[in-house]
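Structure file my_file.txt (compact mmCIF, C-alpha atoms and all ligand atoms) follows.
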```txt
# COMPACT_ATOMS: atom_id res chain seq x y z
CA MET A 1 1.72 19.81 -13.16
CA ALA A 2 1.68 16.28 -14.59
CA THR A 3 -0.38 16.27 -17.79
CA ASN A 4 -2.72 13.47 -16.72
CA SER A 5 -3.25 14.80 -13.18
CA LEU A 6 -6.83 14.70 -11.94
CA LEU A 7 -6.25 15.48 -8.27
CA ARG A 8 -3.14 17.19 -7.00
CA LEU A 9 -1.79 17.95 -3.56
CA ASP A 10 0.55 20.84 -4.14
CA GLY A 11 3.03 21.37 -1.30
CA VAL A 12 0.36 20.52 1.26
CA SER A 13 1.20 20.86 4.94
CA LYS A 14 -1.04 20.39 7.96
CA VAL A 15 0.02 21.53 11.39
CA PHE A 16 -2.72 20.85 13.94
CA ASP A 17 -3.60 23.31 16.72
CA THR A 18 -1.75 21.01 19.09
CA GLY A 19 1.44 21.67 17.13
CA THR A 20 1.50 18.13 15.71
CA VAL A 21 2.67 18.03 12.11
CA GLY A 22 0.23 15.80 10.22
CA LEU A 23 1.59 16.54 6.73
CA ASP A 24 4.84 18.19 5.78
CA ASN A 25 5.00 19.64 2.27
CA VAL A 26 3.35 16.78 0.39
CA THR A 27 3.16 17.01 -3.39
CA LEU A 28 1.29 14.26 -5.17
CA ASP A 29 -0.40 13.91 -8.55
CA ILE A 30 -3.21 11.38 -8.85
CA ALA A 31 -4.01 10.38 -12.42
CA HIS A 32 -7.38 9.82 -14.10
CA GLY A 33 -8.65 6.30 -13.48
CA GLU A 34 -5.83 5.03 -11.30
CA PHE A 35 -6.06 3.03 -8.09
CA ILE A 36 -3.60 4.68 -5.75
CA SER A 37 -2.91 3.67 -2.16
CA LEU A 38 -1.52 5.72 0.69
CA LEU A 39 0.53 3.35 2.82
CA GLY A 40 2.46 3.84 6.02
CA PRO A 41 2.55 3.13 9.74
CA SER A 42 -0.03 4.49 12.16
CA GLY A 43 0.21 8.26 12.54
CA CYS A 44 2.14 8.88 9.30
CA GLY A 45 -0.54 11.17 7.86
CA LYS A 46 -2.69 8.87 5.69
CA THR A 47 -6.08 9.90 7.07
CA THR A 48 -5.02 13.54 7.17
CA SER A 49 -4.12 13.38 3.45
CA LEU A 50 -7.52 11.92 2.65
CA ARG A 51 -9.36 14.48 4.79
CA VAL A 52 -7.50 17.32 3.09
CA MET A 53 -8.51 15.90 -0.32
CA ALA A 54 -12.13 15.56 0.82
CA GLY A 55 -12.22 19.03 2.34
CA PHE A 56 -12.86 17.94 5.94
CA GLU A 57 -9.49 19.37 6.93
CA ALA A 58 -8.06 22.69 5.70
CA PRO A 59 -4.34 22.52 4.97
CA THR A 60 -2.13 25.03 6.79
CA GLY A 61 0.04 25.30 3.69
CA GLY A 62 -0.21 24.44 0.00
CA ARG A 63 -3.17 23.82 -2.30
CA VAL A 64 -5.51 21.08 -3.49
CA LEU A 65 -6.17 21.09 -7.24
CA LEU A 66 -8.80 19.23 -9.24
CA ASP A 67 -8.35 19.33 -13.02
CA GLY A 68 -5.86 22.11 -12.41
CA LYS A 69 -8.41 24.25 -10.55
CA ASP A 70 -7.76 25.32 -6.97
CA ILE A 71 -10.42 23.67 -4.77
CA THR A 72 -8.65 24.28 -1.43
CA ALA A 73 -11.46 26.53 -0.18
CA LEU A 74 -14.39 24.38 -1.45
CA ARG A 75 -16.59 22.70 1.17
CA PRO A 76 -16.71 18.88 1.13
CA TYR A 77 -20.17 18.65 -0.46
CA ASP A 78 -19.15 21.05 -3.22
CA ARG A 79 -16.32 18.72 -4.27
CA PRO A 80 -17.06 15.91 -6.76
CA LEU A 81 -15.38 13.46 -4.39
CA ASN A 82 -16.82 10.94 -1.98
CA THR A 83 -15.45 9.16 1.06
CA VAL A 84 -15.89 5.67 2.45
CA PHE A 85 -15.07 6.06 6.12
CA GLN A 86 -13.12 3.53 8.16
CA ASP A 87 -16.10 2.66 10.38
CA TYR A 88 -18.53 2.95 7.36
CA ALA A 89 -20.58 5.60 9.25
CA LEU A 90 -23.89 3.99 8.21
CA PHE A 91 -27.14 5.18 9.77
CA PRO A 92 -28.39 2.27 11.90
CA HIS A 93 -32.02 3.48 11.98
CA MET A 94 -32.24 3.62 8.16
CA ASN A 95 -32.56 0.66 5.82
CA VAL A 96 -30.10 -0.08 3.02
CA ALA A 97 -31.88 2.00 0.36
CA GLU A 98 -32.18 4.99 2.70
CA ASN A 99 -28.51 4.78 3.57
CA VAL A 100 -27.47 4.63 -0.07
CA GLY A 101 -29.95 7.38 -0.97
CA PHE A 102 -28.65 9.71 1.71
CA GLY A 103 -25.87 11.01 -0.50
CA LEU A 104 -28.39 11.73 -3.25
CA SER A 105 -30.88 13.49 -0.98
CA LEU A 106 -28.31 16.27 -0.52
CA ARG A 107 -28.30 16.75 -4.30
CA LYS A 108 -32.09 17.07 -4.60
CA LEU A 109 -32.80 14.61 -7.41
CA PRO A 110 -36.36 13.74 -8.55
CA ALA A 111 -37.58 10.70 -6.57
CA GLY A 112 -37.74 8.40 -9.63
CA ASP A 113 -34.16 9.15 -10.64
CA ALA A 114 -32.94 8.61 -7.09
CA LYS A 115 -34.63 5.20 -6.91
CA LYS A 116 -33.00 4.11 -10.14
CA LYS A 117 -29.56 5.27 -9.03
CA ILE A 118 -29.89 3.51 -5.67
CA ALA A 119 -30.81 0.25 -7.41
CA GLU A 120 -27.87 0.60 -9.80
CA ALA A 121 -25.41 1.30 -7.00
CA LEU A 122 -26.60 -1.72 -5.00
CA ASP A 123 -26.41 -3.87 -8.10
CA LEU A 124 -22.82 -2.74 -8.58
CA VAL A 125 -21.81 -4.04 -5.15
CA GLY A 126 -23.90 -7.22 -5.41
CA LEU A 127 -26.54 -6.23 -2.84
CA ALA A 128 -29.62 -5.77 -5.05
CA ASP A 129 -31.59 -8.26 -2.93
CA LYS A 130 -30.89 -6.36 0.30
CA ILE A 131 -32.42 -3.07 -0.77
CA ASN A 132 -35.02 -3.07 2.03
CA ALA A 133 -32.91 -4.80 4.70
CA ARG A 134 -32.12 -3.12 7.98
CA VAL A 135 -28.46 -2.23 8.30
CA SER A 136 -28.30 -3.87 11.72
CA MET A 137 -29.18 -7.23 10.11
CA LEU A 138 -26.21 -7.15 7.72
CA SER A 139 -22.81 -8.82 8.08
CA GLY A 140 -19.60 -6.80 8.20
CA GLY A 141 -18.89 -7.45 4.54
CA GLN A 142 -22.41 -6.40 3.54
CA ARG A 143 -22.16 -3.18 5.54
CA GLN A 144 -18.90 -2.47 3.79
CA ARG A 145 -20.70 -2.84 0.44
CA VAL A 146 -23.51 -0.53 1.53
CA ALA A 147 -20.93 2.11 2.45
CA LEU A 148 -19.33 1.62 -0.96
CA ALA A 149 -22.68 1.91 -2.76
CA ARG A 150 -23.54 5.07 -0.81
CA ALA A 151 -20.25 6.66 -1.85
CA LEU A 152 -20.57 5.57 -5.49
CA VAL A 153 -24.21 6.52 -6.00
CA CYS A 154 -23.30 10.14 -6.78
CA SER A 155 -20.77 9.05 -9.45
CA PRO A 156 -17.85 10.87 -7.82
CA ARG A 157 -14.79 11.80 -9.88
CA VAL A 158 -12.63 10.40 -7.09
CA LEU A 159 -13.53 7.85 -4.42
CA LEU A 160 -11.59 8.21 -1.18
CA LEU A 161 -11.43 5.09 1.00
CA ASP A 162 -10.00 5.13 4.53
CA GLU A 163 -8.92 1.61 5.56
CA PRO A 164 -12.11 0.27 3.94
CA LEU A 165 -11.42 -3.40 4.65
CA SER A 166 -9.73 -3.23 8.04
CA ALA A 167 -12.81 -4.36 9.96
CA LEU A 168 -13.17 -7.59 7.95
CA ASP A 169 -11.62 -10.93 8.81
CA ALA A 170 -8.71 -12.20 6.71
CA ASN A 171 -10.56 -14.36 4.15
CA LEU A 172 -13.36 -11.89 3.47
CA ARG A 173 -10.80 -9.15 3.31
CA GLU A 174 -8.86 -10.88 0.54
CA GLN A 175 -12.07 -11.49 -1.40
CA MET A 176 -13.14 -7.85 -1.01
CA GLN A 177 -9.72 -6.65 -2.20
CA ILE A 178 -10.27 -8.47 -5.47
CA GLU A 179 -13.83 -7.14 -5.73
CA LEU A 180 -12.75 -3.59 -4.99
CA LYS A 181 -10.10 -3.74 -7.70
CA ARG A 182 -12.59 -5.21 -10.22
CA LEU A 183 -15.16 -2.56 -9.37
CA GLN A 184 -12.60 0.19 -9.83
CA SER A 185 -11.48 -1.17 -13.22
CA ARG A 186 -15.06 -1.55 -14.39
CA LEU A 187 -16.09 1.97 -13.36
CA GLY A 188 -12.83 3.61 -14.38
CA THR A 189 -13.24 5.87 -11.35
CA THR A 190 -10.12 7.12 -9.59
CA PHE A 191 -9.76 5.41 -6.21
CA VAL A 192 -7.52 6.70 -3.41
CA MET A 193 -7.27 4.11 -0.65
CA VAL A 194 -5.62 4.47 2.74
CA THR A 195 -4.18 1.32 4.25
CA HIS A 196 -1.53 0.33 6.77
CA ASP A 197 -1.48 -3.20 5.28
CA GLN A 198 1.35 -3.54 2.78
CA ALA A 199 0.06 -6.82 1.32
CA GLU A 200 -3.27 -5.12 0.60
CA ALA A 201 -1.56 -2.11 -1.01
CA LEU A 202 0.72 -4.33 -3.11
CA SER A 203 -2.08 -6.54 -4.38
CA ILE A 204 -4.63 -3.90 -5.27
CA SER A 205 -2.88 -0.68 -6.37
CA ASP A 206 -1.60 0.76 -9.63
CA ARG A 207 0.68 2.97 -7.57
CA ILE A 208 1.55 3.24 -3.91
CA VAL A 209 2.51 6.34 -1.97
CA VAL A 210 4.60 5.44 1.09
CA LEU A 211 4.24 8.02 3.85
CA ASN A 212 6.42 8.40 6.93
CA ARG A 213 6.03 11.18 9.50
CA GLY A 214 3.93 13.31 7.20
CA ARG A 215 6.33 13.08 4.25
CA ILE A 216 6.40 11.02 1.07
CA GLU A 217 9.17 8.41 1.07
CA GLN A 218 8.43 6.99 -2.37
CA ILE A 219 5.73 6.85 -5.04
CA ALA A 220 5.98 3.79 -7.26
CA SER A 221 4.21 0.79 -8.73
CA PRO A 222 3.95 -2.21 -6.37
CA SER A 223 6.70 -4.14 -8.15
CA GLU A 224 9.05 -1.16 -8.28
CA LEU A 225 8.48 -0.49 -4.60
CA TYR A 226 9.24 -4.11 -3.81
CA ASP A 227 12.24 -4.45 -6.13
CA ALA A 228 13.81 -1.03 -5.82
CA PRO A 229 12.91 0.77 -2.60
CA ALA A 230 14.24 4.32 -2.68
CA THR A 231 14.93 4.66 1.04
CA ARG A 232 15.90 2.59 4.05
CA PHE A 233 12.44 3.20 5.48
CA VAL A 234 10.73 1.68 2.43
CA ALA A 235 13.20 -1.21 2.37
CA ASP A 236 12.33 -2.04 5.99
CA PHE A 237 8.61 -1.35 5.72
CA ILE A 238 7.71 -3.33 2.58
CA GLY A 239 8.12 -7.08 2.96
CA SER A 240 11.00 -8.79 4.75
CA MET A 241 14.50 -7.65 4.01
CA ASN A 242 18.08 -8.48 4.92
CA VAL A 243 19.86 -5.12 5.16
CA LEU A 244 23.63 -5.60 5.06
CA ASP A 245 26.61 -3.25 5.22
CA ALA A 246 28.41 -3.48 1.92
CA GLU A 247 31.30 -2.13 -0.12
CA ILE A 248 31.25 -1.33 -3.78
CA VAL A 249 33.69 -3.54 -5.67
CA GLU A 250 33.20 -2.15 -9.17
CA ALA A 251 30.71 -0.83 -11.65
CA THR A 252 29.81 -3.43 -14.29
CA THR A 253 28.10 -3.01 -17.66
CA THR A 254 24.74 -3.96 -16.14
CA GLY A 255 24.96 -2.67 -12.59
CA VAL A 256 27.23 -2.64 -9.57
CA ARG A 257 29.21 -5.46 -7.95
CA VAL A 258 29.23 -5.22 -4.18
CA ALA A 259 30.67 -7.23 -1.29
CA ALA A 260 28.67 -7.74 1.87
CA GLY A 261 31.26 -9.44 4.02
CA SER A 262 32.35 -12.39 1.91
CA MET A 263 29.11 -12.47 -0.09
CA ILE A 264 29.37 -10.96 -3.56
CA LEU A 265 26.25 -9.58 -5.28
CA GLU A 266 25.70 -8.06 -8.70
CA VAL A 267 22.99 -5.48 -8.22
CA PRO A 268 21.17 -4.56 -11.46
CA ALA A 269 21.41 -0.89 -12.43
CA GLU A 270 17.67 -0.25 -11.98
CA CYS A 271 17.93 -1.31 -8.33
CA VAL A 272 20.85 0.96 -7.51
CA ARG A 273 19.58 3.89 -5.46
CA ALA A 274 22.97 4.61 -3.91
CA THR A 275 25.36 7.07 -5.54
CA PRO A 276 28.36 4.80 -6.17
CA GLY A 277 30.63 7.70 -7.14
CA ARG A 278 30.24 9.15 -3.67
CA GLY A 279 32.49 6.52 -2.10
CA GLY A 280 30.44 6.54 1.10
CA PRO A 281 29.17 3.47 2.95
CA VAL A 282 26.34 1.57 1.22
CA LEU A 283 23.71 -0.94 2.22
CA VAL A 284 22.77 -3.91 0.12
CA CYS A 285 19.22 -5.11 0.72
CA VAL A 286 18.44 -8.73 -0.11
CA ARG A 287 15.04 -10.38 0.14
CA PRO A 288 14.87 -13.70 2.01
CA GLU A 289 13.62 -15.37 -1.20
CA GLU A 290 16.72 -14.11 -3.02
CA LEU A 291 19.00 -16.28 -0.89
CA THR A 292 19.26 -20.05 -1.12
CA ALA A 293 20.79 -22.54 1.28
CA HIS A 294 22.70 -25.61 0.07
CA PRO A 295 24.29 -28.58 1.77
CA ASP A 296 27.63 -28.15 -0.05
CA ALA A 297 29.93 -25.21 -0.65
CA THR A 298 30.24 -24.02 -4.28
CA ASP A 299 31.15 -20.78 -6.05
CA ASN A 300 30.18 -17.70 -4.09
CA THR A 301 28.60 -19.50 -1.17
CA VAL A 302 29.01 -18.36 2.40
CA ALA A 303 28.97 -20.85 5.26
CA ALA A 304 26.37 -20.25 7.94
CA GLN A 305 24.80 -21.97 10.87
CA ILE A 306 21.04 -22.42 11.17
CA LEU A 307 19.80 -20.68 14.32
CA SER A 308 16.11 -21.50 13.91
CA THR A 309 13.43 -22.18 11.32
CA VAL A 310 9.83 -21.02 10.90
CA PHE A 311 7.24 -22.89 8.85
CA TYR A 312 5.12 -20.55 6.68
CA GLY A 313 3.37 -23.10 4.44
CA PRO A 314 4.61 -22.25 0.96
CA THR A 315 8.04 -21.39 2.33
CA LEU A 316 10.30 -22.34 5.17
CA ARG A 317 12.21 -19.42 6.68
CA LEU A 318 15.71 -20.09 7.95
CA PHE A 319 17.37 -17.73 10.41
CA VAL A 320 21.10 -18.24 9.97
CA GLU A 321 24.35 -16.65 11.10
CA THR A 322 27.39 -16.65 8.84
CA ASN A 323 30.86 -17.39 10.15
CA ALA A 324 31.53 -13.65 9.92
CA GLY A 325 28.57 -12.97 12.22
CA GLN A 326 26.04 -11.77 9.59
CA LYS A 327 22.48 -12.68 10.52
CA LEU A 328 20.32 -13.59 7.52
CA MET A 329 16.76 -14.67 6.76
CA ILE A 330 16.38 -17.18 3.93
CA ASP A 331 13.06 -18.34 2.49
CA MET A 332 13.19 -21.77 0.91
CA GLY A 333 10.35 -22.63 -1.47
CA ARG A 334 8.90 -25.93 -0.30
CA ARG A 335 7.28 -27.25 -3.47
CA ARG A 336 10.05 -29.66 -4.37
CA SER A 337 12.08 -29.32 -1.24
CA THR A 338 13.20 -32.64 0.07
CA GLU A 339 16.01 -31.24 2.20
CA THR A 340 15.56 -30.87 5.89
CA PHE A 341 16.97 -27.93 7.76
CA ASP A 342 17.73 -28.45 11.42
CA ALA A 343 18.84 -25.84 13.91
CA GLY A 344 22.57 -26.11 14.48
CA ALA A 345 23.31 -27.51 11.00
CA THR A 346 25.72 -25.77 8.64
CA VAL A 347 24.44 -24.57 5.26
CA HIS A 348 26.04 -22.70 2.37
CA VAL A 349 24.22 -19.54 1.39
CA ARG A 350 24.16 -18.13 -2.11
CA PRO A 351 22.39 -15.05 -3.50
CA VAL A 352 20.16 -15.56 -6.52
CA ARG A 353 21.61 -13.97 -9.69
CA GLY A 354 20.62 -10.35 -10.27
CA SER A 355 19.20 -9.89 -6.80
CA GLY A 356 19.76 -7.18 -4.23
CA ARG A 357 19.26 -3.42 -4.23
CA LEU A 358 21.67 -0.75 -3.18
CA LEU A 359 21.10 2.26 -0.90
CA ASP A 360 23.37 4.89 0.60
CA LYS A 361 23.92 4.12 4.25
CA ASP A 362 23.01 7.59 5.55
N1 LIG A 401 -7.41 16.56 14.84
C1 LIG A 401 -6.13 16.34 15.19
N2 LIG A 401 -5.54 17.07 16.15
C2 LIG A 401 -4.25 16.89 16.50
N3 LIG A 401 -3.45 15.96 15.95
C3 LIG A 401 -3.97 15.19 14.99
C4 LIG A 401 -5.33 15.31 14.56
N4 LIG A 401 -5.58 14.39 13.60
C5 LIG A 401 -4.42 13.72 13.43
N5 LIG A 401 -3.46 14.18 14.25
C6 LIG A 401 -2.07 13.71 14.33
O1 LIG A 401 -1.47 13.84 13.04
C7 LIG A 401 -0.66 12.73 12.74
C8 LIG A 401 -1.18 12.03 11.50
O2 LIG A 401 -2.45 11.46 11.79
P1 LIG A 401 -3.30 10.59 10.76
O3 LIG A 401 -3.32 11.27 9.45
O4 LIG A 401 -4.60 10.30 11.41
O5 LIG A 401 -2.41 9.27 10.66
P2 LIG A 401 -2.73 7.85 9.97
O6 LIG A 401 -4.06 7.91 9.34
O7 LIG A 401 -1.62 7.65 9.01
O8 LIG A 401 -2.66 6.84 11.09
C9 LIG A 401 -0.66 11.85 13.99
O9 LIG A 401 0.46 12.20 14.76
C10 LIG A 401 -1.96 12.25 14.67
O10 LIG A 401 -1.86 12.04 16.05
MG MG A 402 -5.84 6.76 9.71
```
Take the structure in the file and give it back as structure tokens.
Ligand SMILES: Nc1ncnc2c1ncn2[C@@H]1O[C@H](COP(=O)(O)OP(=O)(O)O)[C@@H](O)[C@H]1O
Ligand SMILES: [Mg+2]
Amino acid sequence: MATNSLLRLDGVSKVFDTGTVGLDNVTLDIAHGEFISLLGPSGCGKTTSLRVMAGFEAPTGGRVLLDGKDITALRPYDRPLNTVFQDYALFPHMNVAENVGFGLSLRKLPAGDAKKKIAEALDLVGLADKINARVSMLSGGQRQRVALARALVCSPRVLLLDEPLSALDANLREQMQIELKRLQSRLGTTFVMVTHDQAEALSISDRIVVLNRGRIEQIASPSELYDAPATRFVADFIGSMNVLDAEIVEATTTGVRVAAGSMILEVPAECVRATPGRGGPVLVCVRPEELTAHPDATDNTVAAQILSTVFYGPTLRLFVETNAGQKLMIDMGRRRSTETFDAGATVHVRPVRGSGRLLDKD
């Protein structure tokens, strides 16, 4: 067991009565005070993981440990964990204080203590002035905060959040991401958040667990996940990526030199996830922002034709095809860009130094 592990899934599997495999031998250590996200496409097992942690779902294999103690058989309310559900699950006939106090009422606190805790929890989420409001009168963002306050009022060791921001519109969602992260840092409470939104996971998490078909693909910090995906699935799932067939040219002192068609890249050692000694086919993965397009040919440029362009605001994305038939996406920063890129024009494509990451093809 990792020394700093607070909550551990130890070889957890979940096969539903229908025969569907929700989780397949998942082992995961969650550290004290970290903000960890479970990320993956719909149906990959995110909610199931969270429900197993919370005790709403019994695993069909493996164990759940808290501080090294086996809690697999503990009922949800006997676990020092709390959940914010995807739809908030607020009680519409209760006011804000009653909703927040509901979690406490199960713990039988003296009335005075409960009142104080409710006020503190609402203060934490910036809703002190709404303590007597009816839930039905609140906006989506305010309901989200009530759900958060209700989950935090019992001071859980771990807060479990299932797609907590998915019901909010884009601007509010971004604002709440920042607030959620601030709240987590301030409290020092361990947060486990489920999301299918990679931008959300990247911006908010200390670590991200990428799930696919009930298995862990990779556990890493946001920047490591982005810069050095461990599998083809992660490379495709996180951000935009050009995935190109490549051949290893030689090992260098700092990494590996590869050829993708006539394009040569020097992949830094920390981004090499292929086993170069194996001699098998490899893939080089290059982000669109790691390629640049120029009007003139120079060293290590590859000629390509612009197929189409898409305006993104901060960047302009070029879809090009090289003379060898490679299709590439290129993101050009627009801050100082005075060039124009028209469909049909020829450009010369060059990889940025030290870019690319290397995977085994199979
Ligand atoms: N109660 C259940 N009965 C049968 N299958 C289920 C049940 N809950 C989830 N599943 C299945 O398990 C898989 C994982 O589901 P889930 O954890 O909800 O995915 P996610 O939250 O990542 O979208 C899916 O294939 C889903 O259909
Ligand atoms: Mg889900």
Env. residues ligand LIG 401 (chain A) / 7 Å / all atoms listed in the file / as a list of chain:residue names
A:Phe16, A:Asp17, A:Thr18, A:Thr20, A:Val21, A:Gly22, A:Gly40, A:Pro41, A:Ser42, A:Gly43, A:Cys44, A:Gly45, A:Lys46, A:Thr47, A:Thr48, A:Ser49, A:Gly214
Rounded to one decimal, what separation in Å do you get between CA of Arg186 in chain A and CA of Ser205 in chain A?
14.6 Å
Hey, could you make a per-residue contact list for range 173-243 of chain A against range 315-334 of chain A with 9 Å as the cut-off, showing the nearest pair of atoms and its distance in Å to one decimal, counting only C-alpha atoms, sorted by chain and number, as JSON lines?
```
{"residue": "A:Ser240", "atom": "CA", "partner": "A:Met329", "partner_atom": "CA", "distance": 8.5}
{"residue": "A:Met241", "atom": "CA", "partner": "A:Met329", "partner_atom": "CA", "distance": 7.9}
{"residue": "A:Asn242", "atom": "CA", "partner": "A:Leu328", "partner_atom": "CA", "distance": 6.2}
{"residue": "A:Val243", "atom": "CA", "partner": "A:Leu328", "partner_atom": "CA", "distance": 8.8}
```
Restricting the calculation to only C-alpha atoms: of A:Ser355, A:Thr231, A:Asn25, A:Ser155, which residue gets closest to Leu187 in chain A?
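Closest residue, counting only C-alpha atoms: A:Ser155.
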Of the listed residues A:Arg63, A:Lys361, A:Arg207, A:Arg353, that which approaches Arg257 in chain A most closely, counting only C-alpha atoms:
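Of all the options, A:Arg353 lies closest to Arg257 in chain A.
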Within 12 Å of Leu168 in chain A, counting all atoms listed in the file, which residues qualify if same-chain residues fewer than 2 places away don't, as an NGL selection string?
:A and (86-88 or 139-145 or 163-166 or 170-177)
Tell me which of A:Val310, A:Leu50, A:Leu244, A:Val258 sits closest to ligand MG 402 (chain A), counting only C-alpha atoms and all ligand atoms.
A:Leu50
